[in-house]
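Novice: I have a structure I would like to understand better, so I am pasting it below and will then ask my questions one at a time.
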Amino acid sequence: MNPMQNSQTNTLTITRPDDWHLHVRDGAALNTVVPHTAAQFGRAIIMPNLKPPVTTAEQALAYKARIQAAVPAGMSFEPLMTLYLTDNLPADEIARARDAGVVAVKLYPAGATTNSDAGVTDLRKTYKTLEAMQKAGLLLLVHGEVTSSDIDLFDREAVFIDTQLKPLRKDFPELKIVFEHITTQEAAQYVTESDCFTAASITAHHLLYNRNAIFTGGIRPHYYCLPVLKRETHRLALVQAATSGNAKFFLGTDSAPHPAHLKEHASGCAGCYTAHAAMELYAQAFDAAGALDKLEGFASFHGADFYGLPRNTGTIILRRESWTVPETFAFGEAQLKPLCGGDALPWRVV
Ligand code: NCD
Ligand code: ZN
């Protein structure tokens, strides 16, 4: 359906969106974060970076059942499961995964981010498995950053494109690849110029903020995520890509909850929690770009189409209405501080 907007665009009705990149953790944390996502999204791609990571079809099914148990009664929400690519993920696990409904495999370069110690040390070690994925039609979801300490943190995504992604693409021309949570002009350009087997997800926080947000009036750990926020030119390139109507770009929150005391820490964890206000934050970003009419494609169509899944049928309604984000949520025994906690946001899902 087309977005129905009144003349001032104070309400926006769009097809129920999906979140194509989400961390929900496990255990008691599920009871806080799964309801937030299920209230807005029909489906979400569930990241497998648990400790230990999800590496078998059997583990993925068990994890899916734990997530489903945390969906509030009366809400419909489908977790789409993924496996974690390691140097030793056997190629024959791919057929089992496909049969279990697993839709994708996640590549974390070893040491790139939270719980990525088990990640890939050398892509060549995974080639048999990637071959099986290309055959089975499973997608490869890529955390696109190199990890070597001699590469500047802010350059790691751009270097990944040249040293890892381009060679990988040459060797697997028909493997569907999602370049996850892109943060740079270089990544937006690479995806724009690539063929139909490549797409990218973009977070709300990378559309709304540049790296100044991490340092405004003191160090702000809740704005620290990986890949880290970049300078304004990159944010503008991401906004351009997201609001262009190009079907290669779609919504992936990368909502990544951590206990507040581990973010407000001498070596604070990477990850911004945004699931509590995901569509509100995207609406704010698209509104600021004068592109609310492009939100539905980005949030509700492009991802499903790229994954080869049916589009959702229901709708959600966003209203221009200021509301104040809670400062904290319970998070098992700990606290969770959401992005924009205590701030007023201009859009609200009703
Ligand atoms: C994610 C997490 O906390 O699991 N952190 C983050 O900063 N995005 C991991 C990831 O997706 O990189
Ligand atoms: Zn992530």
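How things are named: the first chain in the structure tokens is A, the next is B, and so on; residues count from 1 in each chain; ligands count from 1 in the order shown.
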I'd like a table as JSON lines: residues in chain A with an atom no more than 8 Å from ligand 2, each row giving the shortest atom pair and its distance in Å to one decimal, only C-alpha atoms and all ligand atoms counted, sorted by chain and rising residue number.

Specialist:
{"residue": "A:His21", "atom": "CA", "partner": "ligand 2", "partner_atom_place_in_ligand_line": "1 (Zn)", "distance": 6.3}
{"residue": "A:Leu22", "atom": "CA", "partner": "ligand 2", "partner_atom_place_in_ligand_line": "1 (Zn)", "distance": 6.2}
{"residue": "A:His23", "atom": "CA", "partner": "ligand 2", "partner_atom_place_in_ligand_line": "1 (Zn)", "distance": 6.3}
{"residue": "A:Met47", "atom": "CA", "partner": "ligand 2", "partner_atom_place_in_ligand_line": "1 (Zn)", "distance": 6.6}
{"residue": "A:His143", "atom": "CA", "partner": "ligand 2", "partner_atom_place_in_ligand_line": "1 (Zn)", "distance": 7.7}
{"residue": "A:Glu180", "atom": "CA", "partner": "ligand 2", "partner_atom_place_in_ligand_line": "1 (Zn)", "distance": 7.8}
{"residue": "A:His181", "atom": "CA", "partner": "ligand 2", "partner_atom_place_in_ligand_line": "1 (Zn)", "distance": 7.4}
{"residue": "A:Leu226", "atom": "CA", "partner": "ligand 2", "partner_atom_place_in_ligand_line": "1 (Zn)", "distance": 7.9}
{"residue": "A:Asp254", "atom": "CA", "partner": "ligand 2", "partner_atom_place_in_ligand_line": "1 (Zn)", "distance": 4.4}
{"residue": "A:Ser255", "atom": "CA", "partner": "ligand 2", "partner_atom_place_in_ligand_line": "1 (Zn)", "distance": 7.0}
{"residue": "A:Ala256", "atom": "CA", "partner": "ligand 2", "partner_atom_place_in_ligand_line": "1 (Zn)", "distance": 6.4}
{"residue": "A:Gly271", "atom": "CA", "partner": "ligand 2", "partner_atom_place_in_ligand_line": "1 (Zn)", "distance": 7.7}

Novice: Need to verify the contact set: region 190-205 of chain A, 8 Å, only C-alpha atoms, exclusion of same-chain residues closer than 5 positions in sequence. Can you return it as a PyMOL selection string?

Specialist: chain A and resi 20-21+161+173-183+238+242+248-254+278+281-282+285+306

Novice: In Å, with one decimal, what is the gap from CA of Ala289 (chain A) to CA of Ala213 (chain A)?

Specialist: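 Computing the Euclidean distance for CA of Ala289 (chain A) and CA of Ala213 (chain A) yields 18.9 Å.
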
Novice: What is the CA of Ala187 (chain A)-CA of Phe41 (chain A) distance in Å, reported with one decimal?

Specialist: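 Computing the Euclidean distance for CA of Ala187 (chain A) and CA of Phe41 (chain A) yields 26.0 Å.
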
Novice: Would you please give, as a count of residues only, all residues of region 85-300 of chain A that DSSP assigns to strand (DSSP E or B) based on the backbone?

Specialist: 22

Novice: For the structure I just gave you, how does DSSP split region 220-293 of chain A - specifically, which residues are alpha helix (DSSP H)? Reply as a ChimeraX atom specification.

Specialist: /A:232-242,260-263,278-288

Novice: Set the distance at 10 Å and use only C-alpha atoms: which residues neighbour Glu131 (chain A) once local chain neighbours fewer than 2 positions away are removed? I'd like the list as a ChimeraX atom specification.

Specialist: /A:91,94,126-129,133-137,171-172,174-175

Novice: Keeping only C-alpha atoms, write those residues as a PDB file, in the first residue's frame.

Specialist:
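Once everything was written out, this is result-v4.pdb:
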ATOM      1  CA  ALA A  91      29.441 -27.089   5.278  1.00  0.00           C
ATOM      2  CA  ILE A  94      23.994 -25.469   6.047  1.00  0.00           C
ATOM      3  CA  THR A 126      35.054 -20.702   5.404  1.00  0.00           C
ATOM      4  CA  TYR A 127      34.904 -21.173   1.628  1.00  0.00           C
ATOM      5  CA  LYS A 128      33.332 -24.669   1.663  1.00  0.00           C
ATOM      6  CA  THR A 129      30.587 -23.377   3.922  1.00  0.00           C
ATOM      7  CA  MET A 133      25.249 -21.285   1.394  1.00  0.00           C
ATOM      8  CA  GLN A 134      25.385 -19.990  -2.146  1.00  0.00           C
ATOM      9  CA  LYS A 135      23.836 -23.279  -3.299  1.00  0.00           C
ATOM     10  CA  ALA A 136      21.208 -23.432  -0.540  1.00  0.00           C
ATOM     11  CA  GLY A 137      20.228 -19.773  -0.917  1.00  0.00           C
ATOM     12  CA  ASP A 171      34.804 -15.750  -5.522  1.00  0.00           C
ATOM     13  CA  PHE A 172      31.052 -16.039  -4.781  1.00  0.00           C
ATOM     14  CA  GLU A 174      25.765 -15.257  -6.548  1.00  0.00           C
ATOM     15  CA  LEU A 175      25.967 -15.391  -2.768  1.00  0.00           C
TER      16      LEU A 175
END

Novice: So, counting only C-alpha atoms and all ligand atoms, which residue among A:Arg235, A:His222, A:Arg96, A:His302 is closest to ligand 1?

Specialist: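 For ligand 1, the nearest of the candidates is A:His222.
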
Novice: Might you pull out every residue within 8 Å of Gln68 (chain A), with only C-alpha atoms counted and same-chain residues fewer than 4 positions away left off, and present them as JSON, numbers by chain?

Specialist: {"A": [64, 77, 78, 79]}

Novice: Could you please determine the separation between CA of Cys225 (chain A) and CA of Leu345 (chain A) in Å, to one decimal place?

Specialist: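 Separation between CA of Cys225 (chain A) and CA of Leu345 (chain A): 20.8 Å.
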
Novice: Which one is closest to ligand 1: A:Ile316, A:Leu229, A:Leu309, A:Leu292? Count only C-alpha atoms and all ligand atoms.

Specialist: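 Ranked by minimum distance to ligand 1, first place goes to A:Leu229.
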
Novice: Let me make sure I understand: among A:Pro52, A:Pro227, A:Pro17, A:Gly217, which one has the smallest atom-to-atom distance to ligand 1 if we use only C-alpha atoms and all ligand atoms?

Specialist: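 So, comparing all the options, the nearest one is A:Pro227.
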
Novice: Using only C-alpha atoms and all ligand atoms for the distances, tell me which of A:Leu236, A:Ala270, A:Leu140, A:Leu61 is nearest to ligand 1.

Specialist: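 Answer, going by the shortest atom-to-atom distance: A:Ala270.
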
Novice: Excluding region 53-57 of chain A and residues on its chain fewer than 6 positions from it, collect all residues at most 6 Å away from it, counting only C-alpha atoms, and give them as a PyMOL selection string.

Specialist: chain A and resi 83-84+97

Novice: Next, the residues of the selection above should be written as a PDB file, in the first residue's frame with all heavy atoms.

Specialist:
ATOM      1  N   LEU A  83      22.817 -18.329  11.895  1.00  0.00           N
ATOM      2  CA  LEU A  83      23.961 -19.016  12.508  1.00  0.00           C
ATOM      3  C   LEU A  83      25.169 -18.094  12.483  1.00  0.00           C
ATOM      4  O   LEU A  83      25.258 -17.191  11.650  1.00  0.00           O
ATOM      5  CB  LEU A  83      24.313 -20.317  11.767  1.00  0.00           C
ATOM      6  CG  LEU A  83      23.306 -21.451  11.749  1.00  0.00           C
ATOM      7  CD1 LEU A  83      23.984 -22.711  11.189  1.00  0.00           C
ATOM      8  CD2 LEU A  83      22.716 -21.720  13.116  1.00  0.00           C
ATOM      9  N   TYR A  84      26.090 -18.391  13.355  1.00  0.00           N
ATOM     10  CA  TYR A  84      27.323 -17.620  13.509  1.00  0.00           C
ATOM     11  C   TYR A  84      28.437 -18.332  12.755  1.00  0.00           C
ATOM     12  O   TYR A  84      28.731 -19.497  13.048  1.00  0.00           O
ATOM     13  CB  TYR A  84      27.603 -17.553  15.006  1.00  0.00           C
ATOM     14  CG  TYR A  84      28.742 -16.700  15.462  1.00  0.00           C
ATOM     15  CD1 TYR A  84      28.492 -15.563  16.228  1.00  0.00           C
ATOM     16  CD2 TYR A  84      30.057 -17.046  15.202  1.00  0.00           C
ATOM     17  CE1 TYR A  84      29.534 -14.789  16.697  1.00  0.00           C
ATOM     18  CE2 TYR A  84      31.097 -16.266  15.656  1.00  0.00           C
ATOM     19  CZ  TYR A  84      30.830 -15.138  16.406  1.00  0.00           C
ATOM     20  OH  TYR A  84      31.874 -14.377  16.871  1.00  0.00           O
ATOM     21  N   ALA A  97      20.477 -26.337   8.540  1.00  0.00           N
ATOM     22  CA  ALA A  97      20.003 -24.989   8.912  1.00  0.00           C
ATOM     23  C   ALA A  97      18.850 -24.563   8.004  1.00  0.00           C
ATOM     24  O   ALA A  97      17.815 -24.090   8.480  1.00  0.00           O
ATOM     25  CB  ALA A  97      21.154 -23.993   8.825  1.00  0.00           C
TER      26      ALA A  97
END

Novice: Let me make sure I understand: among A:Cys269, A:Ala260, A:Leu336, A:Leu138, which one has the smallest atom-to-atom distance to Gly308 (chain A) if we use only C-alpha atoms?

Specialist: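 Between A:Cys269, A:Ala260, A:Leu336, A:Leu138, the residue approaching Gly308 (chain A) most closely is A:Leu138.
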